[in-house]
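Next comes upload32.cif, with mmCIF, C-alpha atoms.
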data_run
loop_
_atom_site.group_PDB
_atom_site.id
_atom_site.type_symbol
_atom_site.label_atom_id
_atom_site.label_comp_id
_atom_site.auth_asym_id
_atom_site.auth_seq_id
_atom_site.Cartn_x
_atom_site.Cartn_y
_atom_site.Cartn_z
ATOM 1 C CA MET A 30 -37.013 49.694 36.698
ATOM 2 C CA THR A 31 -35.883 46.426 35.153
ATOM 3 C CA GLU A 32 -35.646 46.035 31.400
ATOM 4 C CA HIS A 33 -37.057 42.867 29.977
ATOM 5 C CA LYS A 34 -34.992 41.459 27.133
ATOM 6 C CA ARG A 35 -36.777 39.106 24.848
ATOM 7 C CA SER A 36 -34.842 36.085 23.838
ATOM 8 C CA LYS A 37 -34.176 35.271 20.215
ATOM 9 C CA TRP A 38 -36.395 32.193 20.635
ATOM 10 C CA PHE A 39 -39.364 34.450 21.361
ATOM 11 C CA TRP A 40 -38.971 36.055 17.939
ATOM 12 C CA VAL A 41 -38.424 32.696 16.244
ATOM 13 C CA GLY A 42 -41.660 31.516 17.871
ATOM 14 C CA ILE A 43 -43.495 34.463 16.304
ATOM 15 C CA LEU A 44 -41.830 34.573 12.878
ATOM 16 C CA VAL A 45 -41.930 30.844 12.010
ATOM 17 C CA PRO A 46 -45.762 30.531 12.236
ATOM 18 C CA VAL A 47 -46.177 33.779 10.267
ATOM 19 C CA ALA A 48 -43.838 32.469 7.550
ATOM 20 C CA ILE A 49 -45.741 29.168 7.393
ATOM 21 C CA VAL A 50 -49.075 30.977 6.996
ATOM 22 C CA LEU A 51 -47.604 33.146 4.213
ATOM 23 C CA LEU A 52 -46.236 30.088 2.361
ATOM 24 C CA ILE A 53 -49.579 28.286 2.573
ATOM 25 C CA ALA A 54 -51.470 31.354 1.346
ATOM 26 C CA THR A 55 -49.039 31.846 -1.547
ATOM 27 C CA SER A 56 -49.308 28.167 -2.557
ATOM 28 C CA TRP A 57 -53.096 28.359 -2.507
ATOM 29 C CA ILE A 58 -53.166 31.518 -4.652
ATOM 30 C CA VAL A 59 -50.674 30.117 -7.192
ATOM 31 C CA GLY A 60 -52.606 26.834 -7.360
ATOM 32 C CA TYR A 61 -55.899 28.615 -7.951
ATOM 33 C CA VAL A 62 -54.564 30.946 -10.640
ATOM 34 C CA SER A 63 -52.781 28.186 -12.606
ATOM 35 C CA SER A 64 -55.529 25.549 -12.389
ATOM 36 C CA THR A 65 -58.409 24.871 -14.766
ATOM 37 C CA ASP A 66 -60.758 25.952 -11.972
ATOM 38 C CA ASN A 67 -61.051 29.249 -13.844
ATOM 39 C CA ALA A 68 -61.205 27.728 -17.353
ATOM 40 C CA GLU A 69 -63.511 29.527 -19.747
ATOM 41 C CA ALA A 70 -64.846 28.797 -23.206
ATOM 42 C CA GLY A 71 -62.142 29.540 -25.763
ATOM 43 C CA ASP A 72 -59.189 28.720 -23.478
ATOM 44 C CA CYS A 73 -56.733 26.264 -25.024
ATOM 45 C CA TYR A 74 -54.961 23.379 -23.303
ATOM 46 C CA ALA A 75 -52.327 20.756 -24.042
ATOM 47 C CA ILE A 76 -54.128 17.524 -23.158
ATOM 48 C CA THR A 77 -52.565 14.056 -23.143
ATOM 49 C CA THR A 78 -55.562 11.971 -21.953
ATOM 50 C CA PHE A 79 -59.322 12.370 -21.751
ATOM 51 C CA GLY A 80 -61.742 11.065 -19.140
ATOM 52 C CA ASN A 81 -61.224 11.498 -15.406
ATOM 53 C CA VAL A 82 -58.014 13.267 -14.561
ATOM 54 C CA GLY A 83 -56.625 14.147 -11.173
ATOM 55 C CA VAL A 84 -54.060 16.637 -12.452
ATOM 56 C CA ASP A 85 -54.832 19.892 -14.188
ATOM 57 C CA PRO A 86 -53.847 19.976 -17.855
ATOM 58 C CA ALA A 87 -51.412 22.619 -19.019
ATOM 59 C CA LYS A 88 -52.921 25.814 -20.391
ATOM 60 C CA ALA A 89 -51.409 26.689 -23.774
ATOM 61 C CA ASP A 90 -51.419 29.490 -26.310
ATOM 62 C CA CYS A 91 -54.121 28.643 -28.865
ATOM 63 C CA GLY A 92 -51.692 29.179 -31.761
ATOM 64 C CA SER A 93 -49.079 26.742 -30.460
ATOM 65 C CA ALA A 94 -48.647 23.182 -31.731
ATOM 66 C CA GLU A 95 -49.134 21.824 -28.188
ATOM 67 C CA ALA A 96 -52.599 23.398 -27.861
ATOM 68 C CA ASN A 97 -54.611 20.459 -29.153
ATOM 69 C CA THR A 98 -57.894 21.292 -27.401
ATOM 70 C CA LYS A 99 -60.086 24.299 -26.732
ATOM 71 C CA VAL A 100 -62.776 24.630 -24.065
ATOM 72 C CA GLY A 101 -66.178 24.692 -25.753
ATOM 73 C CA ALA A 102 -68.172 24.634 -22.518
ATOM 74 C CA ARG A 103 -67.756 23.976 -18.816
ATOM 75 C CA THR A 104 -70.365 22.185 -16.727
ATOM 76 C CA GLU A 105 -70.720 21.676 -12.989
ATOM 77 C CA GLY A 106 -72.665 19.261 -10.833
ATOM 78 C CA GLY A 107 -72.804 16.338 -13.249
ATOM 79 C CA VAL A 108 -74.463 18.328 -16.050
ATOM 80 C CA ALA A 109 -73.774 16.851 -19.493
ATOM 81 C CA CYS A 110 -71.876 18.658 -22.212
ATOM 82 C CA PRO A 111 -73.953 20.455 -24.864
ATOM 83 C CA ASP A 112 -74.867 18.574 -28.049
ATOM 84 C CA GLY A 113 -71.793 17.737 -30.054
ATOM 85 C CA GLU A 114 -68.669 15.632 -30.399
ATOM 86 C CA TYR A 115 -66.924 17.049 -27.338
ATOM 87 C CA ASP A 116 -64.100 15.174 -25.662
ATOM 88 C CA GLU A 117 -64.905 15.257 -21.975
ATOM 89 C CA LEU A 118 -62.340 16.055 -19.352
ATOM 90 C CA THR A 119 -63.580 15.561 -15.789
ATOM 91 C CA VAL A 120 -61.416 17.443 -13.331
ATOM 92 C CA ASP A 121 -61.459 16.596 -9.645
ATOM 93 C CA GLY A 122 -59.583 19.662 -8.557
ATOM 94 C CA MET A 123 -58.518 21.039 -5.223
ATOM 95 C CA PHE A 124 -61.220 23.685 -5.271
ATOM 96 C CA SER A 125 -64.062 22.028 -7.188
ATOM 97 C CA SER A 126 -65.043 19.194 -9.516
ATOM 98 C CA TYR A 127 -66.373 19.924 -12.973
ATOM 99 C CA LYS A 128 -66.397 18.795 -16.584
ATOM 100 C CA LEU A 129 -64.673 20.578 -19.454
ATOM 101 C CA CYS A 130 -66.241 19.955 -22.857
ATOM 102 C CA MET A 131 -63.232 20.084 -25.161
ATOM 103 C CA MET A 132 -63.157 20.747 -28.896
ATOM 104 C CA ILE A 133 -60.348 20.018 -31.314
ATOM 105 C CA ASN A 134 -58.165 23.104 -31.613
ATOM 106 C CA ALA A 135 -57.062 22.933 -35.246
ATOM 107 C CA LYS A 136 -57.238 24.844 -38.468
ATOM 108 C CA GLN A 137 -57.690 23.715 -42.053
ATOM 109 C CA GLY A 138 -54.607 21.816 -43.201
ATOM 110 C CA ASP A 139 -53.571 20.588 -39.735
ATOM 111 C CA CYS A 140 -52.882 16.869 -39.334
ATOM 112 C CA LEU A 141 -53.432 14.735 -36.245
ATOM 113 C CA VAL A 142 -52.252 11.489 -34.712
ATOM 114 C CA ASN A 143 -54.420 9.463 -32.262
ATOM 115 C CA PHE A 144 -57.560 10.967 -33.752
ATOM 116 C CA LEU A 145 -59.481 7.707 -33.402
ATOM 117 C CA ALA A 146 -58.090 6.780 -29.960
ATOM 118 C CA ASP A 147 -60.540 6.549 -27.062
ATOM 119 C CA THR A 148 -58.668 8.107 -24.146
ATOM 120 C CA VAL A 149 -55.275 9.133 -25.549
ATOM 121 C CA ALA A 150 -55.538 12.696 -26.788
ATOM 122 C CA TYR A 151 -54.901 13.545 -30.416
ATOM 123 C CA GLN A 152 -51.801 15.584 -31.144
ATOM 124 C CA LYS A 153 -50.905 17.856 -34.039
ATOM 125 C CA VAL A 154 -48.204 16.466 -36.327
ATOM 126 C CA ALA A 155 -46.698 17.408 -39.672
ATOM 127 C CA CYS A 156 -48.821 16.162 -42.547
ATOM 128 C CA THR A 157 -45.768 14.284 -43.835
ATOM 129 C CA ASP A 158 -45.610 12.272 -40.586
ATOM 130 C CA PRO A 159 -46.340 8.590 -41.423
ATOM 131 C CA THR A 160 -48.228 8.152 -38.121
ATOM 132 C CA LYS A 161 -50.861 10.780 -38.968
ATOM 133 C CA ASP A 162 -54.355 9.378 -39.035
ATOM 134 C CA ALA A 163 -56.396 12.502 -39.788
ATOM 135 C CA GLU A 164 -56.289 15.785 -41.682
ATOM 136 C CA ILE A 165 -58.548 18.801 -41.114
ATOM 137 C CA VAL A 166 -59.967 19.590 -44.560
ATOM 138 C CA LYS A 167 -62.362 22.347 -43.504
ATOM 139 C CA VAL A 168 -63.286 24.374 -40.427
ATOM 140 C CA ALA A 169 -66.725 25.977 -40.480
ATOM 141 C CA ASP A 170 -66.908 28.431 -37.569
ATOM 142 C CA GLY A 171 -70.409 29.601 -36.675
ATOM 143 C CA VAL A 172 -71.993 26.519 -38.281
ATOM 144 C CA ALA A 173 -73.039 23.399 -36.363
ATOM 145 C CA SER A 174 -74.202 21.166 -39.195
ATOM 146 C CA ASP A 175 -73.028 18.087 -41.051
ATOM 147 C CA LYS A 176 -74.002 19.912 -44.252
ATOM 148 C CA ALA A 177 -70.927 22.105 -43.792
ATOM 149 C CA CYS A 178 -68.786 19.198 -45.055
ATOM 150 C CA GLU A 179 -70.793 18.230 -48.142
ATOM 151 C CA ASP A 180 -68.313 19.781 -50.572
ATOM 152 C CA THR A 181 -65.246 18.115 -49.004
ATOM 153 C CA GLN A 182 -63.519 14.733 -48.880
ATOM 154 C CA ALA A 183 -64.305 14.446 -45.157
ATOM 155 C CA THR A 184 -64.843 10.978 -43.719
ATOM 156 C CA HIS A 185 -65.504 12.216 -40.156
ATOM 157 C CA LEU A 186 -67.336 15.228 -38.783
ATOM 158 C CA GLU A 187 -66.887 16.972 -35.465
ATOM 159 C CA VAL A 188 -69.978 19.114 -34.913
ATOM 160 C CA TYR A 189 -70.126 21.338 -31.828
ATOM 161 C CA SER A 190 -73.199 23.278 -30.726
ATOM 162 C CA THR A 191 -71.400 25.617 -28.293
ATOM 163 C CA PRO A 192 -69.807 27.612 -29.810
ATOM 164 C CA PRO A 193 -71.265 26.521 -33.127
ATOM 165 C CA SER A 194 -68.606 25.023 -35.370
ATOM 166 C CA THR A 195 -67.951 22.025 -37.566
ATOM 167 C CA LEU A 196 -64.650 20.357 -38.382
ATOM 168 C CA CYS A 197 -64.493 18.293 -41.552
ATOM 169 C CA ILE A 198 -61.856 15.603 -41.142
ATOM 170 C CA LYS A 199 -60.380 13.168 -43.627
ATOM 171 C CA SER A 200 -59.179 10.010 -41.941
ATOM 172 C CA GLY A 201 -57.356 7.176 -43.647
ATOM 173 C CA LYS A 202 -58.534 4.658 -41.070
#
How does the structure come out when it is put into structure tokens?
Amino acid sequence: MTEHKRSKWFWVGILVPVAIVLLIATSWIVGYVSSTDNAEAGDCYAITTFGNVGVDPAKADCGSAEANTKVGARTEGGVACPDGEYDELTVDGMFSSYKLCMMINAKQGDCLVNFLADTVAYQKVACTDPTKDAEIVKVADGVASDKACEDTQATHLEVYSTPPSTLCIKSGK
């Protein structure tokens, strides 16, 4: 009986395709887990621009200075955001296209720059920063009403219906 020895190229021909399939599967799983495709209300993100974006924004810890936005709602299929002053972020992702309805992630006493900009996202800054253009004077969680700011020096209101909340903002501009 003759023994058949397999050449090393036979094994290379088997192992290389298997390795390629494993790399593709791993890339897909990592991409899905780290994308906004699984964004939920309450998740915070570090956003630099609003509107249509081709790249996923970076998820951030809600207590960090970089976390300037929080998901208020997520809509699919061209559905509009709920009533409110949401900044819209349309994501054309690898796995789906959808709209994130973003709220300002701030607490009373926080200051912002680019608050009045159209597409450039606002960022948290120190209140002593000369470029600041807004200060959060009151946050009314659970209340979606302009009456929440009546007892403040607010010049702008951000009222969100989902989840209900109102930010009272004093802007010098």
For this session: Name the residues, using the chain letters and numbers of the file, that sit within 9 Å of (-56.9, 22.5, -25.3) when counting all atoms listed in the file, and give them as a VMD selection string.
Result: chain A and resid 71 to 76 86 to 91 95 to 100 131 to 134
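Compared by their closest atoms to Glu69 (chain A), and using only C-alpha atoms, the residues A:Leu145, A:Ala102, A:Cys197, A:Ala150 rank with A:Ala102 nearest.
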For this session: Considering all atoms listed in the file, state which residue in the set A:Ala70, A:Val188, A:Cys156, A:Ala48 is at the smallest distance from Gln137 (chain A).
Result: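 Of A:Ala70, A:Val188, A:Cys156, A:Ala48, the one nearest Gln137 (chain A) is A:Cys156, counting all atoms listed in the file.
Each of A:Ala177, A:Cys110, A:Val120, A:Glu164 was compared to Ile198 (chain A) using only C-alpha atoms, and A:Glu164 turns out to be the nearest.
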For this session: Using the chain letters and numbers from the file, give me the residues hit by the PyMOL selection byres ((chain A and resi 144) around 10), as a ChimeraX atom specification.
Result: /A:133,140-143,145-147,149-153,161-164,198,200,202
For this session: Counting all atoms listed in the file, figure out which residue out of A:Asp121, A:Ser194, A:Tyr127, A:Glu179 gets nearest to Val108 (chain A).
Result: A:Tyr127
Exercise. Of the residues A:Leu52, A:Gly138, A:Thr77, A:Thr191, which is the one nearest to Arg103 (chain A), using all atoms listed in the file?
Worked result: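 Looking only at the distances to Arg103 (chain A), the closest residue turns out to be A:Thr191.
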Exercise. Hey, can you check how far CA of Ala94 (chain A) sits from CA of Val166 (chain A)?
Worked result: 17.5 Å
Seminar exercise, completed: Among A:Asp180, A:Val154, A:Gly113, A:Cys130, Phe79 (chain A) is approached most closely, using all atoms listed in the file, by A:Cys130
Complete region 109-134 of chain A at the level of N, CA, C and O atoms, written as a PDB file, keeping the file's coordinate frame.
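For reference, selection08.pdb as written:
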ATOM      1  N   ALA A 109     -74.400  17.342 -18.259  1.00  0.00           N
ATOM      2  CA  ALA A 109     -73.774  16.851 -19.493  1.00  0.00           C
ATOM      3  C   ALA A 109     -73.283  18.006 -20.363  1.00  0.00           C
ATOM      4  O   ALA A 109     -73.767  19.130 -20.251  1.00  0.00           O
ATOM      5  N   CYS A 110     -72.350  17.688 -21.231  1.00  0.00           N
ATOM      6  CA  CYS A 110     -71.876  18.658 -22.212  1.00  0.00           C
ATOM      7  C   CYS A 110     -73.009  18.982 -23.182  1.00  0.00           C
ATOM      8  O   CYS A 110     -73.925  18.173 -23.376  1.00  0.00           O
ATOM      9  N   PRO A 111     -72.952  20.136 -23.843  1.00  0.00           N
ATOM     10  CA  PRO A 111     -73.953  20.455 -24.864  1.00  0.00           C
ATOM     11  C   PRO A 111     -73.888  19.435 -26.001  1.00  0.00           C
ATOM     12  O   PRO A 111     -72.957  18.632 -26.083  1.00  0.00           O
ATOM     13  N   ASP A 112     -74.868  19.478 -26.895  1.00  0.00           N
ATOM     14  CA  ASP A 112     -74.867  18.574 -28.049  1.00  0.00           C
ATOM     15  C   ASP A 112     -73.591  18.776 -28.852  1.00  0.00           C
ATOM     16  O   ASP A 112     -73.174  19.899 -29.100  1.00  0.00           O
ATOM     17  N   GLY A 113     -72.990  17.653 -29.238  1.00  0.00           N
ATOM     18  CA  GLY A 113     -71.793  17.737 -30.054  1.00  0.00           C
ATOM     19  C   GLY A 113     -70.810  16.632 -29.760  1.00  0.00           C
ATOM     20  O   GLY A 113     -71.031  15.775 -28.906  1.00  0.00           O
ATOM     21  N   GLU A 114     -69.704  16.662 -30.479  1.00  0.00           N
ATOM     22  CA  GLU A 114     -68.669  15.632 -30.399  1.00  0.00           C
ATOM     23  C   GLU A 114     -67.558  16.023 -29.431  1.00  0.00           C
ATOM     24  O   GLU A 114     -66.389  15.831 -29.709  1.00  0.00           O
ATOM     25  N   TYR A 115     -67.914  16.585 -28.306  1.00  0.00           N
ATOM     26  CA  TYR A 115     -66.924  17.049 -27.338  1.00  0.00           C
ATOM     27  C   TYR A 115     -66.171  15.880 -26.715  1.00  0.00           C
ATOM     28  O   TYR A 115     -66.740  14.832 -26.456  1.00  0.00           O
ATOM     29  N   ASP A 116     -64.887  16.091 -26.482  1.00  0.00           N
ATOM     30  CA  ASP A 116     -64.100  15.174 -25.662  1.00  0.00           C
ATOM     31  C   ASP A 116     -64.242  15.694 -24.245  1.00  0.00           C
ATOM     32  O   ASP A 116     -64.014  16.877 -23.992  1.00  0.00           O
ATOM     33  N   GLU A 117     -64.646  14.813 -23.339  1.00  0.00           N
ATOM     34  CA  GLU A 117     -64.905  15.257 -21.975  1.00  0.00           C
ATOM     35  C   GLU A 117     -63.681  15.075 -21.097  1.00  0.00           C
ATOM     36  O   GLU A 117     -63.010  14.057 -21.153  1.00  0.00           O
ATOM     37  N   LEU A 118     -63.441  16.075 -20.301  1.00  0.00           N
ATOM     38  CA  LEU A 118     -62.340  16.055 -19.352  1.00  0.00           C
ATOM     39  C   LEU A 118     -62.949  16.375 -17.987  1.00  0.00           C
ATOM     40  O   LEU A 118     -63.382  17.492 -17.742  1.00  0.00           O
ATOM     41  N   THR A 119     -63.034  15.363 -17.121  1.00  0.00           N
ATOM     42  CA  THR A 119     -63.580  15.561 -15.789  1.00  0.00           C
ATOM     43  C   THR A 119     -62.430  15.857 -14.847  1.00  0.00           C
ATOM     44  O   THR A 119     -61.500  15.065 -14.731  1.00  0.00           O
ATOM     45  N   VAL A 120     -62.497  17.006 -14.209  1.00  0.00           N
ATOM     46  CA  VAL A 120     -61.416  17.443 -13.331  1.00  0.00           C
ATOM     47  C   VAL A 120     -61.905  17.403 -11.887  1.00  0.00           C
ATOM     48  O   VAL A 120     -62.893  18.034 -11.536  1.00  0.00           O
ATOM     49  N   ASP A 121     -61.208  16.624 -11.076  1.00  0.00           N
ATOM     50  CA  ASP A 121     -61.459  16.596  -9.645  1.00  0.00           C
ATOM     51  C   ASP A 121     -60.368  17.437  -9.020  1.00  0.00           C
ATOM     52  O   ASP A 121     -59.331  16.928  -8.613  1.00  0.00           O
ATOM     53  N   GLY A 122     -60.601  18.734  -9.003  1.00  0.00           N
ATOM     54  CA  GLY A 122     -59.583  19.662  -8.557  1.00  0.00           C
ATOM     55  C   GLY A 122     -59.600  19.904  -7.063  1.00  0.00           C
ATOM     56  O   GLY A 122     -60.451  19.393  -6.333  1.00  0.00           O
ATOM     57  N   MET A 123     -58.655  20.704  -6.634  1.00  0.00           N
ATOM     58  CA  MET A 123     -58.518  21.039  -5.223  1.00  0.00           C
ATOM     59  C   MET A 123     -59.693  21.901  -4.762  1.00  0.00           C
ATOM     60  O   MET A 123     -60.127  21.823  -3.629  1.00  0.00           O
ATOM     61  N   PHE A 124     -60.210  22.722  -5.658  1.00  0.00           N
ATOM     62  CA  PHE A 124     -61.220  23.685  -5.271  1.00  0.00           C
ATOM     63  C   PHE A 124     -62.624  23.307  -5.717  1.00  0.00           C
ATOM     64  O   PHE A 124     -63.593  23.796  -5.157  1.00  0.00           O
ATOM     65  N   SER A 125     -62.749  22.462  -6.734  1.00  0.00           N
ATOM     66  CA  SER A 125     -64.062  22.028  -7.188  1.00  0.00           C
ATOM     67  C   SER A 125     -63.905  20.890  -8.201  1.00  0.00           C
ATOM     68  O   SER A 125     -62.819  20.625  -8.676  1.00  0.00           O
ATOM     69  N   SER A 126     -65.014  20.228  -8.486  1.00  0.00           N
ATOM     70  CA  SER A 126     -65.043  19.194  -9.516  1.00  0.00           C
ATOM     71  C   SER A 126     -65.993  19.665 -10.614  1.00  0.00           C
ATOM     72  O   SER A 126     -67.065  20.191 -10.331  1.00  0.00           O
ATOM     73  N   TYR A 127     -65.587  19.443 -11.850  1.00  0.00           N
ATOM     74  CA  TYR A 127     -66.373  19.924 -12.973  1.00  0.00           C
ATOM     75  C   TYR A 127     -65.959  19.176 -14.228  1.00  0.00           C
ATOM     76  O   TYR A 127     -64.992  18.421 -14.232  1.00  0.00           O
ATOM     77  N   LYS A 128     -66.688  19.423 -15.302  1.00  0.00           N
ATOM     78  CA  LYS A 128     -66.397  18.795 -16.584  1.00  0.00           C
ATOM     79  C   LYS A 128     -66.098  19.884 -17.608  1.00  0.00           C
ATOM     80  O   LYS A 128     -66.825  20.868 -17.707  1.00  0.00           O
ATOM     81  N   LEU A 129     -64.996  19.696 -18.348  1.00  0.00           N
ATOM     82  CA  LEU A 129     -64.673  20.578 -19.454  1.00  0.00           C
ATOM     83  C   LEU A 129     -65.043  19.858 -20.746  1.00  0.00           C
ATOM     84  O   LEU A 129     -64.643  18.714 -20.950  1.00  0.00           O
ATOM     85  N   CYS A 130     -65.815  20.507 -21.575  1.00  0.00           N
ATOM     86  CA  CYS A 130     -66.241  19.955 -22.857  1.00  0.00           C
ATOM     87  C   CYS A 130     -65.275  20.505 -23.901  1.00  0.00           C
ATOM     88  O   CYS A 130     -65.338  21.684 -24.262  1.00  0.00           O
ATOM     89  N   MET A 131     -64.349  19.645 -24.339  1.00  0.00           N
ATOM     90  CA  MET A 131     -63.232  20.084 -25.161  1.00  0.00           C
ATOM     91  C   MET A 131     -63.483  19.843 -26.648  1.00  0.00           C
ATOM     92  O   MET A 131     -64.002  18.803 -27.046  1.00  0.00           O
ATOM     93  N   MET A 132     -63.076  20.809 -27.443  1.00  0.00           N
ATOM     94  CA  MET A 132     -63.157  20.747 -28.896  1.00  0.00           C
ATOM     95  C   MET A 132     -61.747  20.583 -29.448  1.00  0.00           C
ATOM     96  O   MET A 132     -60.773  20.947 -28.787  1.00  0.00           O
ATOM     97  N   ILE A 133     -61.647  20.080 -30.655  1.00  0.00           N
ATOM     98  CA  ILE A 133     -60.348  20.018 -31.314  1.00  0.00           C
ATOM     99  C   ILE A 133     -59.918  21.444 -31.654  1.00  0.00           C
ATOM    100  O   ILE A 133     -60.687  22.211 -32.232  1.00  0.00           O
ATOM    101  N   ASN A 134     -58.716  21.804 -31.273  1.00  0.00           N
ATOM    102  CA  ASN A 134     -58.165  23.104 -31.613  1.00  0.00           C
ATOM    103  C   ASN A 134     -57.263  22.912 -32.835  1.00  0.00           C
ATOM    104  O   ASN A 134     -56.114  22.515 -32.701  1.00  0.00           O
TER     105      ASN A 134
END
